[in-house]
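Student: target_30.cif is reproduced in full below (mmCIF, C-alpha atoms).
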```
data_structure
loop_
_atom_site.label_atom_id
_atom_site.label_comp_id
_atom_site.auth_asym_id
_atom_site.auth_seq_id
_atom_site.Cartn_x
_atom_site.Cartn_y
_atom_site.Cartn_z
CA MET A 45 8.83 39.60 15.62
CA ALA A 46 10.98 36.52 16.08
CA ARG A 47 14.35 36.78 14.35
CA LYS A 48 16.50 33.95 15.66
CA MET A 49 16.49 30.27 14.81
CA ARG A 50 15.59 29.40 18.41
CA ASP A 51 12.37 31.38 17.96
CA ILE A 52 11.15 29.87 14.74
CA MET A 53 12.59 26.33 14.55
CA SER A 54 10.70 23.12 15.15
CA PRO A 55 12.30 21.93 18.41
CA ALA A 56 13.03 18.43 19.71
CA PRO A 57 14.03 16.90 16.37
CA VAL A 58 13.73 13.15 15.94
CA CYS A 59 17.20 11.61 15.73
CA MET A 60 18.08 8.08 14.71
CA ALA A 61 21.21 6.02 14.14
CA PRO A 62 22.33 5.32 10.56
CA GLY A 63 21.73 1.61 11.04
CA GLU A 64 18.06 2.01 11.79
CA SER A 65 15.70 0.97 9.04
CA VAL A 66 13.83 3.17 6.60
CA SER A 67 10.64 1.57 7.95
CA ALA A 68 11.47 2.78 11.44
CA ALA A 69 12.10 6.29 10.10
CA ALA A 70 8.78 6.23 8.24
CA LYS A 71 6.97 5.21 11.41
CA ALA A 72 8.66 8.00 13.33
CA MET A 73 7.61 10.49 10.66
CA LYS A 74 4.02 9.30 10.94
CA GLU A 75 3.99 9.20 14.72
CA HIS A 76 5.59 12.60 15.22
CA GLY A 77 3.97 14.35 12.28
CA ILE A 78 7.32 15.31 10.79
CA GLY A 79 9.04 14.99 7.42
CA THR A 80 12.65 15.03 8.59
CA VAL A 81 14.71 12.65 10.69
CA LEU A 82 18.23 13.61 11.74
CA VAL A 83 20.89 10.90 11.56
CA LEU A 84 23.39 10.81 14.43
CA THR A 85 26.64 8.85 14.36
CA GLU A 86 28.36 8.62 17.76
CA GLY A 87 26.34 11.56 18.98
CA ARG A 88 27.21 13.79 16.05
CA LEU A 89 24.96 14.84 13.21
CA SER A 90 25.96 12.85 10.15
CA GLY A 91 22.96 13.17 7.89
CA LEU A 92 19.33 13.94 7.34
CA VAL A 93 16.48 11.84 5.89
CA THR A 94 13.27 13.31 4.51
CA ASP A 95 10.02 11.81 3.33
CA ARG A 96 11.11 12.66 -0.19
CA ASP A 97 14.36 10.73 0.29
CA ILE A 98 12.33 7.65 1.24
CA THR A 99 10.11 8.11 -1.80
CA VAL A 100 12.78 8.63 -4.46
CA ARG A 101 15.65 6.60 -3.00
CA VAL A 102 13.78 3.61 -1.58
CA LEU A 103 10.31 3.26 -3.10
CA ALA A 104 11.28 4.38 -6.59
CA GLU A 105 14.47 2.28 -6.50
CA ASN A 106 12.61 -0.83 -5.35
CA ARG A 107 14.65 -1.14 -2.18
CA ASP A 108 13.16 -2.83 0.87
CA PRO A 109 12.39 -0.31 3.62
CA LEU A 110 12.66 -3.01 6.29
CA THR A 111 16.25 -3.88 5.43
CA THR A 112 17.59 -0.61 4.02
CA PRO A 113 19.38 1.44 6.68
CA ILE A 114 18.76 5.17 6.70
CA GLY A 115 22.49 5.72 6.53
CA ASP A 116 22.32 4.48 2.94
CA ILE A 117 19.82 7.08 1.80
CA CYS A 118 20.44 10.14 3.90
CA SER A 119 21.81 13.41 2.61
CA SER A 120 25.21 13.97 4.13
CA GLU A 121 26.37 17.32 2.80
CA LEU A 122 24.92 19.28 5.62
CA VAL A 123 24.13 22.91 5.99
CA VAL A 124 23.59 23.73 9.67
CA LEU A 125 22.72 26.74 11.77
CA GLY A 126 22.96 27.70 15.44
CA PRO A 127 20.08 28.72 17.66
CA ASP A 128 21.22 32.33 17.71
CA ASP A 129 21.66 32.62 13.97
CA ASP A 130 19.14 34.93 12.41
CA VAL A 131 16.45 34.59 9.82
CA GLU A 132 18.43 36.41 7.17
CA GLN A 133 21.22 33.84 7.43
CA ALA A 134 18.72 31.00 7.15
CA THR A 135 17.03 32.56 4.14
CA ARG A 136 20.34 33.09 2.40
CA LEU A 137 21.49 29.53 3.05
CA ILE A 138 18.24 28.03 1.85
CA ARG A 139 18.50 30.01 -1.37
CA GLU A 140 22.21 29.52 -1.98
CA ARG A 141 22.38 25.84 -1.12
CA ALA A 142 18.96 24.92 -2.56
CA VAL A 143 17.86 23.09 0.57
CA ARG A 144 14.43 23.20 2.14
CA ARG A 145 15.31 22.54 5.73
CA ILE A 146 18.31 23.13 7.95
CA PRO A 147 19.20 21.40 11.24
CA VAL A 148 19.90 23.70 14.17
CA LEU A 149 22.77 22.63 16.43
CA ALA A 150 23.81 23.96 19.83
CA ASP A 151 27.36 22.86 20.71
CA GLY A 152 27.08 20.03 18.22
CA THR A 153 23.76 18.80 19.64
CA PRO A 154 20.70 18.95 17.40
CA VAL A 155 18.08 21.16 19.00
CA GLY A 156 15.74 21.77 16.09
CA VAL A 157 15.09 21.93 12.39
CA VAL A 158 14.12 25.06 10.49
CA SER A 159 12.29 24.81 7.21
CA ILE A 160 11.02 27.11 4.54
CA GLY A 161 7.60 26.92 6.16
CA ASP A 162 9.04 28.12 9.46
CA LEU A 163 10.64 31.06 7.66
CA ALA A 164 7.36 31.86 5.93
CA LEU A 165 5.54 31.84 9.25
CA ASP A 166 8.07 34.27 10.62
CA LYS A 167 8.12 36.54 7.63
CA ASP A 168 4.43 36.82 6.99
CA ALA A 169 1.90 35.11 9.14
CA THR A 170 -0.81 35.95 6.64
CA SER A 171 0.82 34.30 3.64
CA ALA A 172 -0.65 31.17 2.10
CA LEU A 173 2.49 29.20 2.75
CA SER A 174 2.49 30.11 6.42
CA GLY A 175 -1.15 29.08 6.71
CA VAL A 176 -0.39 25.76 5.11
CA SER A 177 2.81 25.21 7.07
CA SER A 178 1.00 25.71 10.35
CA ALA A 179 -1.72 23.19 9.45
CA PRO A 180 -1.50 19.66 10.83
CA PRO A 181 0.45 17.26 8.62
CA ASN A 182 -1.05 14.36 6.71
CA SER A 183 -1.02 11.09 8.63
CA MET B 225 -3.61 44.14 -12.24
CA ASP B 226 -3.71 40.88 -10.36
CA ALA B 227 -1.87 37.98 -12.00
CA LYS B 228 -4.17 35.25 -13.29
CA VAL B 229 -3.83 31.57 -12.48
CA ARG B 230 -3.04 30.88 -16.15
CA ASP B 231 -0.03 33.20 -15.84
CA VAL B 232 1.55 31.31 -12.96
CA MET B 233 0.52 27.69 -13.45
CA THR B 234 2.53 24.70 -14.61
CA PRO B 235 1.49 23.04 -17.86
CA GLY B 236 0.99 19.30 -18.17
CA PRO B 237 -0.54 17.65 -15.11
CA ILE B 238 1.34 14.69 -13.77
CA GLY B 239 -0.86 11.75 -12.91
CA VAL B 240 -0.96 8.06 -12.14
CA GLY B 241 -3.80 5.59 -12.38
CA TYR B 242 -5.65 4.53 -9.24
CA TYR B 243 -4.49 0.94 -9.69
CA GLN B 244 -0.91 1.73 -10.55
CA SER B 245 1.54 0.67 -7.90
CA ILE B 246 3.01 2.70 -5.10
CA ARG B 247 6.39 2.08 -6.67
CA GLU B 248 5.23 3.53 -10.00
CA ALA B 249 3.89 6.61 -8.23
CA ALA B 250 7.23 7.05 -6.47
CA ARG B 251 9.06 6.72 -9.79
CA THR B 252 6.79 9.30 -11.37
CA MET B 253 7.61 11.71 -8.57
CA ARG B 254 11.30 10.97 -8.96
CA ASP B 255 11.37 11.25 -12.75
CA TRP B 256 9.36 14.48 -12.84
CA GLY B 257 10.93 16.02 -9.78
CA VAL B 258 7.56 16.60 -8.13
CA GLY B 259 6.26 15.83 -4.68
CA ALA B 260 2.65 15.23 -5.68
CA VAL B 261 0.81 13.53 -8.50
CA LEU B 262 -2.84 13.42 -9.45
CA VAL B 263 -4.59 10.10 -9.13
CA VAL B 264 -6.93 9.21 -11.96
CA ASN B 265 -9.66 6.59 -11.84
CA ASP B 266 -11.49 5.65 -14.99
CA GLN B 267 -10.88 8.98 -16.74
CA SER B 268 -11.96 10.95 -13.67
CA LEU B 269 -9.75 12.75 -11.24
CA TYR B 270 -9.84 10.85 -7.98
CA GLY B 271 -7.40 12.72 -5.81
CA LEU B 272 -3.85 13.74 -5.12
CA VAL B 273 -1.03 11.76 -3.55
CA THR B 274 2.17 13.25 -2.15
CA ASP B 275 5.59 11.85 -1.29
CA ARG B 276 4.64 12.22 2.35
CA ASP B 277 1.48 10.18 1.78
CA LEU B 278 3.57 7.35 0.34
CA VAL B 279 5.78 7.38 3.43
CA VAL B 280 3.21 7.70 6.22
CA ARG B 281 0.40 5.75 4.58
CA ALA B 282 2.42 3.00 2.88
CA VAL B 283 5.95 2.54 4.24
CA ALA B 284 4.93 3.27 7.85
CA GLU B 285 2.00 0.87 7.47
CA ALA B 286 4.12 -1.89 5.91
CA LYS B 287 2.22 -1.72 2.62
CA GLY B 288 4.19 -3.29 -0.21
CA PRO B 289 5.34 -1.30 -3.24
CA ASP B 290 3.13 -3.33 -5.58
CA GLU B 291 -0.06 -2.31 -3.84
CA PRO B 292 -2.25 0.25 -5.58
CA VAL B 293 -1.53 3.90 -4.88
CA GLY B 294 -5.15 5.05 -5.23
CA PRO B 295 -6.25 4.28 -1.66
CA LEU B 296 -3.39 6.42 -0.33
CA SER B 297 -4.52 9.57 -2.05
CA SER B 298 -6.41 12.43 -0.52
CA GLY B 299 -9.83 12.97 -1.97
CA ASP B 300 -11.98 16.09 -1.52
CA LEU B 301 -9.79 17.66 -4.15
CA ILE B 302 -9.98 21.40 -4.52
CA GLY B 303 -9.27 23.05 -7.85
CA VAL B 304 -9.12 26.56 -9.23
CA ASP B 305 -10.37 27.95 -12.52
CA VAL B 306 -7.69 28.95 -15.02
CA ASN B 307 -9.13 32.44 -15.33
CA ALA B 308 -9.30 33.11 -11.62
CA ASP B 309 -7.05 35.68 -10.03
CA ALA B 310 -3.88 34.25 -8.61
CA SER B 311 -4.98 35.67 -5.25
CA GLU B 312 -8.00 33.37 -5.40
CA ALA B 313 -5.62 30.42 -5.75
CA ALA B 314 -3.73 31.70 -2.73
CA ARG B 315 -6.92 31.95 -0.69
CA LEU B 316 -7.98 28.41 -1.63
CA MET B 317 -4.55 27.08 -0.69
CA ARG B 318 -4.69 28.80 2.69
CA GLU B 319 -8.25 27.85 3.53
CA ASN B 320 -7.77 24.24 2.54
CA ALA B 321 -4.18 23.91 3.78
CA VAL B 322 -2.94 22.60 0.46
CA ARG B 323 0.15 23.66 -1.43
CA ARG B 324 -0.87 22.39 -4.83
CA LEU B 325 -3.97 23.10 -6.86
CA PRO B 326 -5.18 21.44 -10.02
CA VAL B 327 -6.22 24.07 -12.51
CA ILE B 328 -9.53 23.56 -14.26
CA GLU B 329 -10.41 24.86 -17.70
CA ASP B 330 -13.89 24.20 -19.05
CA GLY B 331 -14.30 21.36 -16.61
CA GLN B 332 -11.05 19.66 -17.58
CA VAL B 333 -7.79 19.44 -15.69
CA ARG B 334 -5.08 21.48 -17.37
CA GLN B 335 -2.24 21.94 -14.95
CA ALA B 336 -1.31 20.60 -11.59
CA ARG B 337 2.38 20.81 -10.98
CA TRP B 338 3.87 23.73 -9.19
CA ARG B 339 6.88 24.91 -7.38
CA ARG B 340 7.78 27.55 -4.93
CA ARG B 341 7.87 30.99 -6.42
CA SER B 342 9.60 32.95 -3.71
CA LEU B 343 10.78 32.27 -0.22
CA GLY B 344 8.05 33.08 2.22
CA GLY B 345 5.52 33.39 -0.56
CA LEU B 346 3.02 31.07 -2.09
CA ARG B 347 3.58 27.83 -3.83
CA TRP B 348 2.51 28.56 -7.36
CA LEU B 349 1.64 26.44 -10.25
CA GLN B 350 4.50 27.25 -12.59
CA ALA B 351 5.55 26.51 -16.14
CA ARG B 352 7.96 23.67 -16.72
CA PRO B 353 8.65 21.87 -19.99
CA ARG B 354 7.93 18.19 -20.47
CA PRO B 355 10.70 15.87 -21.69
CA SER B 356 10.57 15.72 -25.48
CA GLY B 357 9.10 12.64 -27.04
CA GLY B 358 7.28 11.60 -23.93
CA PRO B 359 3.94 9.83 -24.12
CA PRO B 360 0.74 11.83 -23.60
CA ARG B 361 0.02 12.24 -19.94
CA PRO B 362 -2.94 10.14 -18.82
CA THR B 363 -4.54 12.99 -16.92
CA GLU B 364 -4.90 15.36 -19.81
CA ARG B 365 -8.39 15.97 -21.08
CA LEU B 366 -10.23 14.79 -18.02
CA ALA B 367 -13.72 15.82 -17.09
CA LEU B 368 -14.12 16.48 -13.41
CA PRO B 369 -16.17 18.39 -10.90
CA LEU B 370 -14.35 21.07 -9.01
CA VAL B 371 -14.60 19.27 -5.70
CA LEU B 372 -14.78 15.51 -5.50
CA PRO B 373 -16.10 13.59 -2.52
CA ARG B 374 -13.74 10.89 -1.23
#
```
Output the file's structure in the form of structure tokens.

Tutor:
Amino acid sequence: MARKMRDIMSPAPVCMAPGESVSAAAKAMKEHGIGTVLVLTEGRLSGLVTDRDITVRVLAENRDPLTTPIGDICSSELVVLGPDDDVEQATRLIRERAVRRIPVLADGTPVGVVSIGDLALDKDATSALSGVSSAPPNS
Amino acid sequence: MDAKVRDVMTPGPIGVGYYQSIREAARTMRDWGVGAVLVVNDQSLYGLVTDRDLVVRAVAEAKGPDEPVGPLSSGDLIGVDVNADASEAARLMRENAVRRLPVIEDGQVRQARWRRRSLGGLRWLQARPRPSGGPPRPTERLALPLVLPR
């Protein structure tokens, strides 16, 4: 059974600059079937934007997605893991820090994102959450 | 004994009208701290819309925030009876790849909100109090079939 982040993460995360628009991030989420975009500033991870962030910080606040940069709405207090960190560490961090997804960095370079769904798939492939998490996303 | 759906569900379904705006749906999700709301059309349950739906079906398609949210929702809604075993809810969630289930009692929607119960486990419908003094939710006391065609 897979126990390391490298085994369970979603690889090849989509990364964008903080100046890119919320609209561009939304299109990337649709195109790639993902809910998370990593924000890189000068090659370093500086934040994370989720579909929920766009909903509650842009749509609900009546901001214009075309002109709002993702740097304005991203979460910047980041919990991160390495590819060789194990599932127990990820589980503990998700619980303690009340986050639902964690970027995985190798030498400062984003290499993946691990989410609760990925942990559920690892822990119990027969659970309802794992079945849902492995289904294709809405588009 | 297996837990029943009524033991694990969230009271007070959160809904928006079909013709309410995308912005209003987003605000409902923000104010209630949920990622999905029921969509109601003319006293009938039409479907469910999630925060992801708003992003990939509206923002990514350059739909304005004043446009109606109804067309963004997913139809073919699956529900579970309030007296069913919780394991039945889990099976329906798995088979239909949904993480939220409206709960039906006597043909009427009773509960629809839910949150994660345990890491790696199911997403349950779970109890959560409404803000005091709030208006009656528009989706209470609906009549609906268990599965609606789109």

Student: Which one is closest to Arg230 of chain B: B:Asp309, B:Glu319, B:Asp277, B:Glu285? Count only C-alpha atoms.

Tutor: B:Asp309

Student: Take the PyMOL selection byres ((chain A and resi 49) around 6), apply it to the structure above, and return the hits as a list in words.

Tutor: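 Checking the PyMOL selection byres ((chain A and resi 49) around 6) against this file, the residues are Lys48, Arg50, Asp51, Ile52, Met53, Pro127, Asp128, Asp129 and Asp130 of chain A.
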
Student: Run the PyMOL selection byres ((chain A and resi 65) around 9) against the file shown and list the residues it catches, as a PyMOL selection string.

Tutor: chain A and resi 62-64+66-70+109-115

Student: Using only C-alpha atoms, which of B:Met317, B:Val229, B:Val273, B:Val293 sits nearest chain A?

Tutor: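 The shortest atom-to-atom distance to chain A comes from B:Met317.
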
Student: Go through A:Ala56, A:Leu84, A:Ala72, A:Ala142 and flag the residue nearest chain B, using all atoms listed in the file for the distances.

Tutor: A:Ala72

Student: Can you turn the PyMOL selection byres ((chain B and resi 242) around 6) into a concrete residue list for this file, as a list in words?

Tutor: Gly241, Tyr243, Gln244, Val263, Val264, Asn265 and Gly294 of chain B

Student: Taking into account all atoms listed in the file, which residue in the set A:Asn106, A:Thr99, A:Ser183, A:Ser120 is nearest to Met73 of chain A?

Tutor: A:Ser183

Student: Restricting the calculation to all atoms listed in the file, which member of A:Cys59, A:Leu92, A:Ala150, A:Val131 is positioned closest to chain B?

Tutor: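 Closest to chain B of all the choices is A:Val131.
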
Student: Considering all atoms listed in the file, can you say which of B:Gly259, B:Pro292, B:Gly303, B:Pro326 comes closest to chain A?

Tutor: B:Gly259

Student: Go through segment 89-114 of chain A residue by residue and, counting only C-alpha atoms, keep those with an atom at most 9 Å from segment 253-256 of chain B; for each kept residue give the shortest atom pair and its distance in Å to one decimal, ordered by chain and increasing number, as a tab-separated table.

Tutor:
```
residue	atom	partner	partner_atom	distance
A:Arg96	CA	B:Arg254	CA	8.9
A:Thr99	CA	B:Arg254	CA	7.8
A:Val100	CA	B:Arg254	CA	5.3
A:Arg101	CA	B:Arg254	CA	8.6
A:Ala104	CA	B:Arg254	CA	7.0
```

Student: Pick out the residues sitting within 8 Å of Arg88 of chain A, and hand them over as a list in words; count only C-alpha atoms, and ignore anything fewer than 2 positions along from it in its own chain.

Tutor: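 The neighbour list is Leu84, Thr85, Glu86, Ser90, Gly152 and Thr153 of chain A.
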
Student: What does the structure give for the distance between atom CA of Glu291 of chain B and atom CA of Lys74 of chain A, in Å to one decimal?

Tutor: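 Distance reported for this atom pair: 19.2 Å.
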
Student: Quick one, how far is atom CA of Ile138 of chain A from atom CA of Asn320 of chain B?

Tutor: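 Answer for the atom CA of Ile138 of chain A to atom CA of Asn320 of chain B separation: 26.3 Å.
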
Student: Record the distance separating atom CA of Gly79 of chain A and atom CA of Asp95 of chain A, expressed in Å with one decimal.

Tutor: 5.3 Å

Student: Rebuild segment 246-273 of chain B so that it carries N, CA and C atoms, then output the result as a compact mmCIF listing (two decimals), in the frame of the given file.

Tutor:
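Wrote result.txt, looks like this:
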```
# COMPACT_ATOMS: atom_id res chain seq x y z
N ILE B 246 2.33 1.70 -5.91
CA ILE B 246 3.01 2.70 -5.10
C ILE B 246 4.39 2.97 -5.66
N ARG B 247 5.06 1.92 -6.09
CA ARG B 247 6.39 2.08 -6.67
C ARG B 247 6.34 2.95 -7.93
N GLU B 248 5.34 2.73 -8.77
CA GLU B 248 5.23 3.53 -10.00
C GLU B 248 4.96 4.98 -9.67
N ALA B 249 4.15 5.22 -8.64
CA ALA B 249 3.89 6.61 -8.23
C ALA B 249 5.18 7.26 -7.74
N ALA B 250 5.96 6.51 -6.97
CA ALA B 250 7.23 7.05 -6.47
C ALA B 250 8.17 7.36 -7.64
N ARG B 251 8.18 6.49 -8.63
CA ARG B 251 9.06 6.72 -9.79
C ARG B 251 8.61 7.94 -10.58
N THR B 252 7.31 8.12 -10.68
CA THR B 252 6.79 9.30 -11.37
C THR B 252 7.26 10.56 -10.65
N MET B 253 7.15 10.55 -9.34
CA MET B 253 7.61 11.71 -8.57
C MET B 253 9.10 11.93 -8.76
N ARG B 254 9.85 10.86 -8.77
CA ARG B 254 11.30 10.97 -8.96
C ARG B 254 11.62 11.50 -10.36
N ASP B 255 11.02 10.91 -11.38
CA ASP B 255 11.37 11.25 -12.75
C ASP B 255 10.95 12.67 -13.11
N TRP B 256 9.84 13.14 -12.52
CA TRP B 256 9.36 14.48 -12.84
C TRP B 256 9.81 15.52 -11.83
N GLY B 257 10.46 15.06 -10.77
CA GLY B 257 10.93 16.02 -9.78
C GLY B 257 9.78 16.73 -9.07
N VAL B 258 8.71 16.01 -8.83
CA VAL B 258 7.56 16.60 -8.13
C VAL B 258 7.30 15.83 -6.85
N GLY B 259 6.58 16.48 -5.95
CA GLY B 259 6.26 15.83 -4.68
C GLY B 259 4.80 15.40 -4.60
N ALA B 260 4.06 15.61 -5.69
CA ALA B 260 2.65 15.23 -5.68
C ALA B 260 2.22 14.87 -7.09
N VAL B 261 1.36 13.90 -7.20
CA VAL B 261 0.81 13.53 -8.50
C VAL B 261 -0.70 13.35 -8.36
N LEU B 262 -1.41 13.67 -9.44
CA LEU B 262 -2.84 13.42 -9.45
C LEU B 262 -3.09 11.93 -9.57
N VAL B 263 -4.20 11.49 -9.00
CA VAL B 263 -4.59 10.10 -9.13
C VAL B 263 -5.88 10.05 -9.94
N VAL B 264 -5.83 9.26 -11.00
CA VAL B 264 -6.93 9.21 -11.96
C VAL B 264 -7.61 7.86 -11.87
N ASN B 265 -8.93 7.86 -11.85
CA ASN B 265 -9.66 6.59 -11.84
C ASN B 265 -10.70 6.63 -12.94
N ASP B 266 -10.50 5.78 -13.93
CA ASP B 266 -11.49 5.65 -14.99
C ASP B 266 -11.80 7.01 -15.63
N GLN B 267 -10.77 7.70 -16.06
CA GLN B 267 -10.88 8.98 -16.74
C GLN B 267 -11.34 10.14 -15.85
N SER B 268 -11.58 9.88 -14.59
CA SER B 268 -11.96 10.95 -13.67
C SER B 268 -10.86 11.19 -12.66
N LEU B 269 -10.74 12.42 -12.26
CA LEU B 269 -9.75 12.75 -11.24
C LEU B 269 -10.25 12.25 -9.90
N TYR B 270 -9.43 11.42 -9.26
CA TYR B 270 -9.84 10.85 -7.98
C TYR B 270 -9.27 11.63 -6.82
N GLY B 271 -8.02 12.01 -6.93
CA GLY B 271 -7.40 12.72 -5.81
C GLY B 271 -5.96 13.06 -6.10
N LEU B 272 -5.25 13.34 -5.05
CA LEU B 272 -3.85 13.74 -5.12
C LEU B 272 -3.05 12.92 -4.13
N VAL B 273 -1.89 12.48 -4.51
CA VAL B 273 -1.03 11.76 -3.55
C VAL B 273 0.34 12.42 -3.53
```
